[in-house]
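Asks: For reference, the structure I am asking about is given below.
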Amino acid sequence: MLSAALAEARRWLAPEQIEVWLDGARRLADACGGLEPVGTYLRVVPAVARQGGDAALTRIIATALTVAAQAHGHAVDAFLSALPIAARHLYTPDSLAAFLDVVDEIAALAPGGLVPMLERLGPLLEQLSVDGLRRWALLGVQAHSSDAGDQNAWFRLERSDARAVLRSSAEGTPFTDVERRLGFYLRALWGLGAELHAATAVAPGDSRRNRRVSIVDGAVRMPQVFDVFPGQDGPTLYRAAVAHAAAHLLHSTQRFPLRELRPIQVAIVSLIEDARVERLAMAELPGLLKLWLPFHVALPSSAVSAVSLLARLTRALIDPAYEDDNAFVQKGRAMFAQAAAGGLSDPAVSRSIGGLLGSNLGQIQVRFNLKTYLVEPLYRDDNVFLWDFGSPGQSRADDQDIHEEVSSSVAEDGKRGEARSQRDGRPDPTEEGAQREAASAQEVEAFELAPPQPYRYDEWDYASGMKRPLWCTVLEKRVRLGLAGDIDQVLRRNQETVNRLTTLIRAAQVERPLRLRKQLEGDKLDLDASIRATVDMRSGRSPDPRIHERRGRRSRDLAVLLLLDLSQSTNDYVPSAGTTVLNLAREATALVADAMDKIGDSFAIHGFDSNGRHEVEYYRFKDFDGPYSDAERARLAGMTAQLSTRMGTAVRHAGHFLRQRRAARKLILVVTDGEPHDIDVHDRKYLVFDAKHAVEEQTHHGVATFCISLDPGADEYVARIFGSRNYLVLDHLRRLPEKLPLLYMRLTA
């Protein structure tokens with residue numbers, strides 16, 4: 001059994017991971033005392049660990065051992081058998097890690113319910129997100145804490161209340177159904193006329209963005225559809241959310257400086273501030289406790305995780321009857337009570353308590369990821385508006401992650417979202433990027449930008465011969481800023497090439513015929529003008545002599561979108577060129593862009609990568625209507641590469657921009673270094689045929705598509721996607737900066 005499993009594991013794991021995997025099997029055999037869970041472990045864990053990222057293997061082993069200690073061998077086998085199901089529904093390493101946290105917590109709180117929950121995991125995750133699954137499970141533990149039989153029946157979905165809660169959790173309530181009532185509700189509570197707006201929706205599978213309320217410039221942005229809290233109806237959840245947001249608007253009178261704080265401190269300061277404003281609001285309107293308290297379902301547990309401890313502290317600060325023997329929770333409650341005795345009117349109380357508690361929790365060394373952390377309970381906002389990010393030039397290198405993680409959840413309206421495309425830059429978080437000065441004043445806006453608006457596209461399934469409707473989601477991401485001077489240096493190094501290209505491109509004729517009417521001379525008569533002249537003569541008036549028509553030409557009427565593949569493979573080093581594929585692509589793009597800008601051609605520079613069908617990341621370095629200024633050069637200089645290549649979806653989104661242009665010729669020029677692939681697709685032909693179908697769709701809409709491939713073995717699949725005459729395979733990558741501009745001239749001649 002081990003021999004067969006080892007051969008399969010070598011496909012998925014690195015040699016050093018193999019040792020960890022084998023050690024985990026030994027430890028699991030000792031803990032379980034049987035071979036059945038070990039066999040399941042050997043069979044399923046390598047593939048799941050590969051999908052979950054570097055830390056996934058050790059996390060899976062730790063959770064399996066926790067389940068073995070809390071439950072029994074059958075529970076371990078159920079957990080391991082459920083891992084592939086979880087991996088199919090949870091596409092990112094962070095969401096898989098959140099699922100493991102849920103298993104740890106339920107194993108400690110309700111070990112008898114763990115097996116039935118895991119056996120029904122597929123249907124549960126089809127209706128619930130990971131945090132929704134956690135809330136549903138905790139509600140069952142809490143509602144039937146005194147009866148283990150009823151508790152287990154809840155997890156087996158045999159109880160009608162468990163099924164009813166699950167149905168309500170899956171349905172949700174649209175914000176538009178309650179928007180008008182919520183406005184009246186706020187006026188009735190405090191006489192507030194706060195703006196309430198729906199935030200843009202997000203892709204399925206997104207575990208964080210737009211799942212919480214946001215407060216931006218005094219306006220409250222509500223999710224279009226809430227993940228309804230188990231056991232509560234949608235309108236109640238929305239009322240709880242707007243009441244909490246209103247408490248912030250009334251009592252959060254200052255912003256906290258972000259500098260010098262670690263991510264865990266940021267989360268706890270926000271948590272204490274939530275409790276402070278709610279305590280002040282309840283002092284004025286005591287009935288709010290009945291509105292908010294049912295949403296706090298955290299329970300004491302021997303499983304120690306940052307998310308669990310923060311949720312338990314949150315409940316301890318609002319629920320006097322809640323008991324928890326954890327030292328961190330008790331200390332937080334005592335510090336808050338002491339501050340409340342002296343008055344909570346000063347927001348500095350939250351900063352002081354949160355900073356101290358964050359330092360204490362940091363010493364426990366629990367794992368915490370602010371980037372994926374969701375504020376609990378569900379009705380509370382994301383707290384981003386509480387923070388003063390300062391000017392971008394003042395940040396230390398280790399502040400950058402906090403800046404990016406906290407600011408990534410700010411919700412904005414459509415007007416600012418439109419402006420986002422012209423200024424979506426942020427500092428490079430690497431050590432080198434942290435030392436850079438701001439490349440543009442527009443970078444200041446980057447800390448308060450909206451989450452990416454999702455665009456959904458069909459995808460072609462060649463096996464069934466049908467489209468999968470709205471299958472993929474494009475998220476337009478912010479672009480990291482580099483130094484505009486880096487692009488200027490590229491141009492200076494290649495000044496001779498720039499001059500030659502400018503001359504050649506200026507000579508290229510990109511024209512369309514025009515019918516010039518009402519001419520004194522021409523090739524034929526203008527029928528309309530001739531009729532008008534005849535009527536004038538018969539009426540006794542002098543006719544207009546301009547009755548001819550001739551053909552003219554309008555020059556350089558084209559729009560070109562340069563679409564760059566920014567997948568991880570473009571970070572590969574090219575020995576012959578002494579640099580990476582990405583740097584060669586950046587240099588070639590800079591040369592083409594400079595030449596097109598000088599002669600006034602309409603062009604855009606975009607890029608893409610992907611992380612599964614729900615997260616096709618799209619970057620807009622320069623748009624058609626925007627200038628090619630220092631800001632655009634800085635975005636181009638900050639270009640980075642990561643993840644995979646879902647080419648068909650990116651081509652469809654690029655075509656979306658080109659179809660809005662009024663030009664005689666429209667061209668997408670794709671620069672890629674490999675075959676389309678993605679983490680959730682295992683059939684190599686699938687994405688190739690989808691990309692082919694996407695190219696055919698653009699042709700139908702009058703958009704030509706051409707590919708320059710940097711993969712020497714690309715002829716077969718590139719010809720299949722783009723057609724036999726619409727691609728060029730570049731064998732010598734170092735020639736890319738020279739070939740790309742020349743190819744542009746040939747295509748637009």
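Here's how to read the names in the structure tokens: chain A, B, ... by the order shown, residue numbers from 1 in each chain, ligand numbers from 1 in the order shown.
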Could you pull the residues within 12 Å of Glu19 of chain A, counting only C-alpha atoms, minus those fewer than 4 positions along the same chain, as a compact mmCIF listing (two decimals) with N, CA, C and O atoms, in the first residue's frame?

Replies:
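Saved as result_17.txt:
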# COMPACT_ATOMS: atom_id res chain seq x y z
N LEU A 6 3.42 5.92 -2.50
CA LEU A 6 4.64 6.71 -2.63
C LEU A 6 4.89 7.10 -4.09
O LEU A 6 5.29 8.23 -4.39
N ALA A 9 2.54 9.89 -4.75
CA ALA A 9 2.87 11.11 -4.00
C ALA A 9 4.00 11.89 -4.66
O ALA A 9 4.04 13.12 -4.57
N ARG A 10 4.91 11.19 -5.31
CA ARG A 10 6.04 11.89 -5.95
C ARG A 10 5.58 12.78 -7.09
O ARG A 10 6.33 13.66 -7.52
N LEU A 13 4.33 16.00 -4.55
CA LEU A 13 5.11 16.58 -3.46
C LEU A 13 6.59 16.63 -3.77
O LEU A 13 7.13 15.76 -4.47
N ALA A 14 7.25 17.65 -3.25
CA ALA A 14 8.70 17.77 -3.36
C ALA A 14 9.36 16.76 -2.42
O ALA A 14 8.73 16.26 -1.47
N PRO A 15 10.65 16.44 -2.65
CA PRO A 15 11.31 15.42 -1.80
C PRO A 15 11.24 15.74 -0.31
O PRO A 15 11.02 14.85 0.51
N ASP A 23 6.30 10.98 7.75
CA ASP A 23 6.30 11.13 9.21
C ASP A 23 4.88 11.31 9.74
O ASP A 23 4.53 10.78 10.80
N GLY A 24 4.06 12.04 8.98
CA GLY A 24 2.66 12.20 9.37
C GLY A 24 1.93 10.87 9.39
O GLY A 24 1.08 10.63 10.27
N ALA A 25 2.23 9.99 8.43
CA ALA A 25 1.59 8.67 8.40
C ALA A 25 1.97 7.86 9.63
O ALA A 25 1.13 7.17 10.24
N ARG A 26 3.26 7.94 10.04
CA ARG A 26 3.69 7.20 11.24
C ARG A 26 2.95 7.72 12.48
O ARG A 26 2.47 6.95 13.31
N PRO A 46 -1.58 13.82 -0.58
CA PRO A 46 -0.61 14.52 -1.46
C PRO A 46 -1.24 15.50 -2.44
O PRO A 46 -0.78 16.63 -2.57
N LEU A 57 0.25 20.81 4.09
CA LEU A 57 0.56 19.45 4.51
C LEU A 57 0.66 19.36 6.03
O LEU A 57 0.04 18.50 6.66
N THR A 58 1.43 20.26 6.63
CA THR A 58 1.56 20.23 8.09
C THR A 58 0.24 20.55 8.78
O THR A 58 -0.07 20.00 9.84

Asks: Could you name the residues that touch segment 290-306 of chain A at 8 Å or less, counting only C-alpha atoms, but leaving out those on the same chain fewer than 3 positions away, as a PyMOL selection string?

Replies: chain A and resi 101+104-105+108-109+135+138-139+142+229+236+240+287+309-312+314-315+318-319+323-326+366-368+377-379

Asks: Go ahead and save the picked residues with N, CA and C atoms, as a compact mmCIF listing (two decimals), in the first residue's frame.

Replies:
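Written file, part-v5.txt:
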# COMPACT_ATOMS: atom_id res chain seq x y z
N ASP A 101 -9.61 24.92 10.20
CA ASP A 101 -9.93 25.55 11.49
C ASP A 101 -11.32 25.14 11.97
N ASP A 104 -11.12 21.63 13.36
CA ASP A 104 -10.51 21.66 14.69
C ASP A 104 -11.52 22.08 15.76
N GLU A 105 -12.28 23.12 15.46
CA GLU A 105 -13.20 23.68 16.44
C GLU A 105 -14.36 22.72 16.73
N ALA A 108 -13.42 19.74 18.83
CA ALA A 108 -13.32 20.03 20.26
C ALA A 108 -14.67 20.24 20.91
N LEU A 109 -15.61 20.84 20.18
CA LEU A 109 -16.91 21.19 20.76
C LEU A 109 -17.93 20.07 20.65
N ARG A 135 -20.69 28.95 11.11
CA ARG A 135 -21.82 29.50 11.87
C ARG A 135 -22.95 28.47 12.01
N LEU A 138 -21.81 25.89 14.62
CA LEU A 138 -21.82 26.43 15.99
C LEU A 138 -23.24 26.64 16.50
N LEU A 139 -24.14 27.01 15.60
CA LEU A 139 -25.52 27.18 16.02
C LEU A 139 -26.10 25.85 16.48
N GLN A 142 -24.61 25.05 19.91
CA GLN A 142 -25.18 25.90 20.95
C GLN A 142 -26.63 25.55 21.25
N PHE A 229 -27.50 34.85 8.22
CA PHE A 229 -27.06 34.20 9.45
C PHE A 229 -28.03 33.07 9.80
N THR A 236 -33.74 41.16 9.39
CA THR A 236 -33.16 41.35 10.73
C THR A 236 -31.66 41.54 10.65
N ALA A 240 -29.58 44.83 11.85
CA ALA A 240 -28.44 44.77 12.77
C ALA A 240 -27.22 45.43 12.16
N GLY A 287 -32.72 48.38 23.72
CA GLY A 287 -33.31 47.30 22.92
C GLY A 287 -32.39 46.78 21.83
N LEU A 309 -10.62 32.69 18.98
CA LEU A 309 -10.41 33.53 20.15
C LEU A 309 -11.01 34.93 19.96
N LEU A 310 -10.87 35.48 18.77
CA LEU A 310 -11.44 36.81 18.52
C LEU A 310 -12.96 36.76 18.57
N ALA A 311 -13.56 35.70 18.01
CA ALA A 311 -15.02 35.58 18.06
C ALA A 311 -15.50 35.40 19.50
N ARG A 312 -14.76 34.65 20.30
CA ARG A 312 -15.15 34.45 21.70
C ARG A 312 -15.01 35.74 22.50
N THR A 314 -15.28 38.71 21.24
CA THR A 314 -16.37 39.56 20.77
C THR A 314 -17.65 39.27 21.53
N ARG A 315 -17.95 37.99 21.70
CA ARG A 315 -19.17 37.64 22.44
C ARG A 315 -19.06 38.01 23.91
N ILE A 318 -20.12 41.57 24.76
CA ILE A 318 -21.51 42.02 24.61
C ILE A 318 -22.49 41.18 25.41
N ASP A 319 -22.09 39.95 25.77
CA ASP A 319 -23.01 39.02 26.43
C ASP A 319 -22.56 38.82 27.88
N GLU A 323 -19.70 32.66 29.50
CA GLU A 323 -18.58 32.25 30.33
C GLU A 323 -17.52 31.58 29.48
N ASP A 324 -16.28 31.97 29.72
CA ASP A 324 -15.17 31.41 28.95
C ASP A 324 -13.95 31.40 29.86
N ASP A 325 -13.29 30.23 29.99
CA ASP A 325 -12.16 30.13 30.91
C ASP A 325 -10.82 30.43 30.24
N ASN A 326 -10.83 30.85 28.98
CA ASN A 326 -9.57 31.18 28.31
C ASN A 326 -9.00 32.47 28.89
N VAL A 366 -0.38 32.02 17.84
CA VAL A 366 -1.43 31.43 17.03
C VAL A 366 -1.34 31.97 15.61
N ARG A 367 -1.75 31.18 14.66
CA ARG A 367 -1.68 31.58 13.26
C ARG A 367 -2.79 32.58 12.96
N PHE A 368 -2.44 33.70 12.32
CA PHE A 368 -3.43 34.72 11.98
C PHE A 368 -3.08 35.33 10.63
N PRO A 377 -19.37 39.12 14.52
CA PRO A 377 -20.29 38.35 13.68
C PRO A 377 -20.59 39.05 12.36
N LEU A 378 -21.48 38.43 11.62
CA LEU A 378 -21.69 38.80 10.22
C LEU A 378 -22.19 40.23 10.04
N TYR A 379 -22.94 40.76 11.00
CA TYR A 379 -23.54 42.08 10.79
C TYR A 379 -22.54 43.22 10.91

Asks: So, counting only C-alpha atoms, which residue among A:Ala98, A:Ile106, A:Ala164, A:Leu118 is closest to Ser81 of chain A?

Replies: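 Using only C-alpha atoms, Ser81 of chain A sits closest to A:Leu118.
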
Asks: What is the atom CA of Cys707 of chain A-atom CA of Val490 of chain A distance in Å, reported with one decimal?

Replies: 23.6 Å

Asks: Mind pulling up the distance from atom CA of Val213 of chain A to atom CA of Asp161 of chain A?

Replies: 27.8 Å

Asks: Under the rule that only C-alpha atoms are counted, which of A:Phe621, A:Tyr41, A:Phe99, A:Tyr686 is the nearest residue to Leu80 of chain A?

Replies: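 Residue with the minimum atom-to-atom distance to Leu80 of chain A: A:Tyr41.
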
Asks: Identify, on the basis of only C-alpha atoms, every residue whose closest approach to Ala245 of chain A does not exceed 8 Å; exclude the query and any residue fewer than 5 positions from it along the same chain; express the result as a list in words.

Replies: Val213, Ile215, Val220, Arg380 and Asp381 of chain A

Asks: Generate a file of the selected residues that holds N, CA and C atoms, formatted as a tab-separated table (two decimals), in the first residue's frame.

Replies:
chain	number	residue	atom	x	y	z
A	213	VAL	N	-20.24	44.77	5.52
A	213	VAL	CA	-20.59	46.17	5.29
A	213	VAL	C	-19.31	47.00	5.28
A	215	ILE	N	-17.98	51.28	5.35
A	215	ILE	CA	-18.33	52.69	5.52
A	215	ILE	C	-17.30	53.51	4.78
A	220	VAL	N	-22.82	54.19	3.77
A	220	VAL	CA	-22.78	52.79	4.19
A	220	VAL	C	-23.00	51.91	2.97
A	380	ARG	N	-21.35	42.96	11.45
A	380	ARG	CA	-20.39	44.04	11.67
A	380	ARG	C	-19.66	44.39	10.38
A	381	ASP	N	-19.22	45.65	10.29
A	381	ASP	CA	-18.56	46.13	9.07
A	381	ASP	C	-17.09	45.73	9.06

Asks: Please provide the set of residues having any atom within 6 Å of Phe624 of chain A, restricted to only C-alpha atoms, with same-chain residues fewer than 2 positions apart removed, written as an MDAnalysis selection string.

Replies: chainID A and resid 602:604 626

Asks: With only C-alpha atoms as the counted atoms, please give the residues lying no more than 7 Å from segment 463-475 of chain A, apart from itself and same-chain residues fewer than 6 positions off, as a list of chain:residue names.

Replies: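 Contacts, in chain order: A:Ala203, A:Pro452, A:Gln453, A:Pro454, A:Tyr455, A:Arg456, A:Tyr457, A:Arg613, A:His614, A:Glu615, A:Val616, A:Glu617, A:Tyr618, A:Thr649.
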
Asks: Quick one: residues within 10 Å of Val651 of chain A, only C-alpha atoms, excluding same-chain residues fewer than 3 positions away - as a list in words?

Replies: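 Once the nearby chain positions are removed, what remains is Leu563, Phe608, Arg646, Met647, Gly648, Ala654, Gly655, His656, Ile668, Leu669, Val670, Ala691, Lys692, Ala694, Val695, Glu697, Gln698 and Thr705 of chain A.
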
Asks: Could you save the residues just selected, with N, CA and C atoms, as a PDB file, in the first residue's frame?

Replies:
ATOM      1  N   LEU A 563      -2.198  42.513 -24.774  1.00  0.00           N
ATOM      2  CA  LEU A 563      -2.615  41.670 -23.653  1.00  0.00           C
ATOM      3  C   LEU A 563      -1.459  40.761 -23.251  1.00  0.00           C
ATOM      4  N   PHE A 608      -2.927  39.702 -17.498  1.00  0.00           N
ATOM      5  CA  PHE A 608      -3.826  38.783 -16.798  1.00  0.00           C
ATOM      6  C   PHE A 608      -3.057  37.607 -16.216  1.00  0.00           C
ATOM      7  N   ARG A 646      -5.572  31.484 -17.676  1.00  0.00           N
ATOM      8  CA  ARG A 646      -6.890  31.170 -18.244  1.00  0.00           C
ATOM      9  C   ARG A 646      -7.125  32.143 -19.390  1.00  0.00           C
ATOM     10  N   MET A 647      -6.583  31.811 -20.546  1.00  0.00           N
ATOM     11  CA  MET A 647      -6.468  32.758 -21.644  1.00  0.00           C
ATOM     12  C   MET A 647      -7.816  33.136 -22.243  1.00  0.00           C
ATOM     13  N   GLY A 648      -8.712  32.178 -22.411  1.00  0.00           N
ATOM     14  CA  GLY A 648      -9.981  32.465 -23.077  1.00  0.00           C
ATOM     15  C   GLY A 648     -10.778  33.547 -22.384  1.00  0.00           C
ATOM     16  N   ALA A 654     -10.798  41.403 -22.744  1.00  0.00           N
ATOM     17  CA  ALA A 654     -10.124  42.375 -23.605  1.00  0.00           C
ATOM     18  C   ALA A 654     -11.026  42.776 -24.773  1.00  0.00           C
ATOM     19  N   GLY A 655     -11.730  41.807 -25.348  1.00  0.00           N
ATOM     20  CA  GLY A 655     -12.669  42.120 -26.424  1.00  0.00           C
ATOM     21  C   GLY A 655     -13.788  43.027 -25.972  1.00  0.00           C
ATOM     22  N   HIS A 656     -14.185  42.886 -24.700  1.00  0.00           N
ATOM     23  CA  HIS A 656     -15.210  43.770 -24.129  1.00  0.00           C
ATOM     24  C   HIS A 656     -14.782  45.234 -24.246  1.00  0.00           C
ATOM     25  N   ILE A 668      -6.386  42.642 -30.871  1.00  0.00           N
ATOM     26  CA  ILE A 668      -5.835  42.167 -29.600  1.00  0.00           C
ATOM     27  C   ILE A 668      -4.523  41.463 -29.923  1.00  0.00           C
ATOM     28  N   LEU A 669      -3.448  41.915 -29.328  1.00  0.00           N
ATOM     29  CA  LEU A 669      -2.139  41.304 -29.532  1.00  0.00           C
ATOM     30  C   LEU A 669      -1.744  40.613 -28.225  1.00  0.00           C
ATOM     31  N   VAL A 670      -1.817  39.285 -28.218  1.00  0.00           N
ATOM     32  CA  VAL A 670      -1.555  38.492 -27.018  1.00  0.00           C
ATOM     33  C   VAL A 670      -0.083  38.098 -26.987  1.00  0.00           C
ATOM     34  N   ALA A 691     -10.072  28.852 -25.387  1.00  0.00           N
ATOM     35  CA  ALA A 691      -9.385  30.019 -25.946  1.00  0.00           C
ATOM     36  C   ALA A 691      -9.667  30.150 -27.435  1.00  0.00           C
ATOM     37  N   LYS A 692      -9.692  29.020 -28.159  1.00  0.00           N
ATOM     38  CA  LYS A 692     -10.028  29.044 -29.583  1.00  0.00           C
ATOM     39  C   LYS A 692     -11.426  29.622 -29.790  1.00  0.00           C
ATOM     40  N   ALA A 694     -13.010  31.641 -27.773  1.00  0.00           N
ATOM     41  CA  ALA A 694     -12.986  33.064 -27.423  1.00  0.00           C
ATOM     42  C   ALA A 694     -12.451  33.902 -28.581  1.00  0.00           C
ATOM     43  N   VAL A 695     -11.418  33.402 -29.261  1.00  0.00           N
ATOM     44  CA  VAL A 695     -10.865  34.119 -30.415  1.00  0.00           C
ATOM     45  C   VAL A 695     -11.900  34.202 -31.534  1.00  0.00           C
ATOM     46  N   GLU A 697     -15.112  34.225 -31.157  1.00  0.00           N
ATOM     47  CA  GLU A 697     -16.119  35.203 -30.736  1.00  0.00           C
ATOM     48  C   GLU A 697     -15.666  36.626 -31.057  1.00  0.00           C
ATOM     49  N   GLN A 698     -14.391  36.916 -30.819  1.00  0.00           N
ATOM     50  CA  GLN A 698     -13.895  38.271 -31.104  1.00  0.00           C
ATOM     51  C   GLN A 698     -13.910  38.547 -32.608  1.00  0.00           C
ATOM     52  N   THR A 705      -7.420  39.003 -33.625  1.00  0.00           N
ATOM     53  CA  THR A 705      -6.571  38.551 -32.516  1.00  0.00           C
ATOM     54  C   THR A 705      -5.323  37.897 -33.085  1.00  0.00           C
TER      55      THR A 705
END

Asks: Contacts of Arg620 of chain A at 8 Å or less, counting only C-alpha atoms, minus same-chain residues fewer than 4 places along, as JSON, numbers by chain?

Replies: {"A": [421, 476, 479, 604, 605, 606, 607]}

Asks: Those selected residues, please, written with C-alpha atoms and delivered as a short mmCIF file (atom, residue, chain, number, x, y, z; two decimals), in the first residue's frame.

Replies:
data_model
loop_
_atom_site.label_atom_id
_atom_site.label_comp_id
_atom_site.auth_asym_id
_atom_site.auth_seq_id
_atom_site.Cartn_x
_atom_site.Cartn_y
_atom_site.Cartn_z
CA SER A 421 -9.03 52.08 -13.60
CA GLU A 476 -9.82 43.79 -12.22
CA VAL A 479 -1.58 47.44 -10.23
CA ALA A 604 -4.16 49.99 -24.25
CA ILE A 605 -1.86 47.73 -22.25
CA HIS A 606 -3.49 45.07 -20.10
CA GLY A 607 -2.31 41.85 -18.42
#
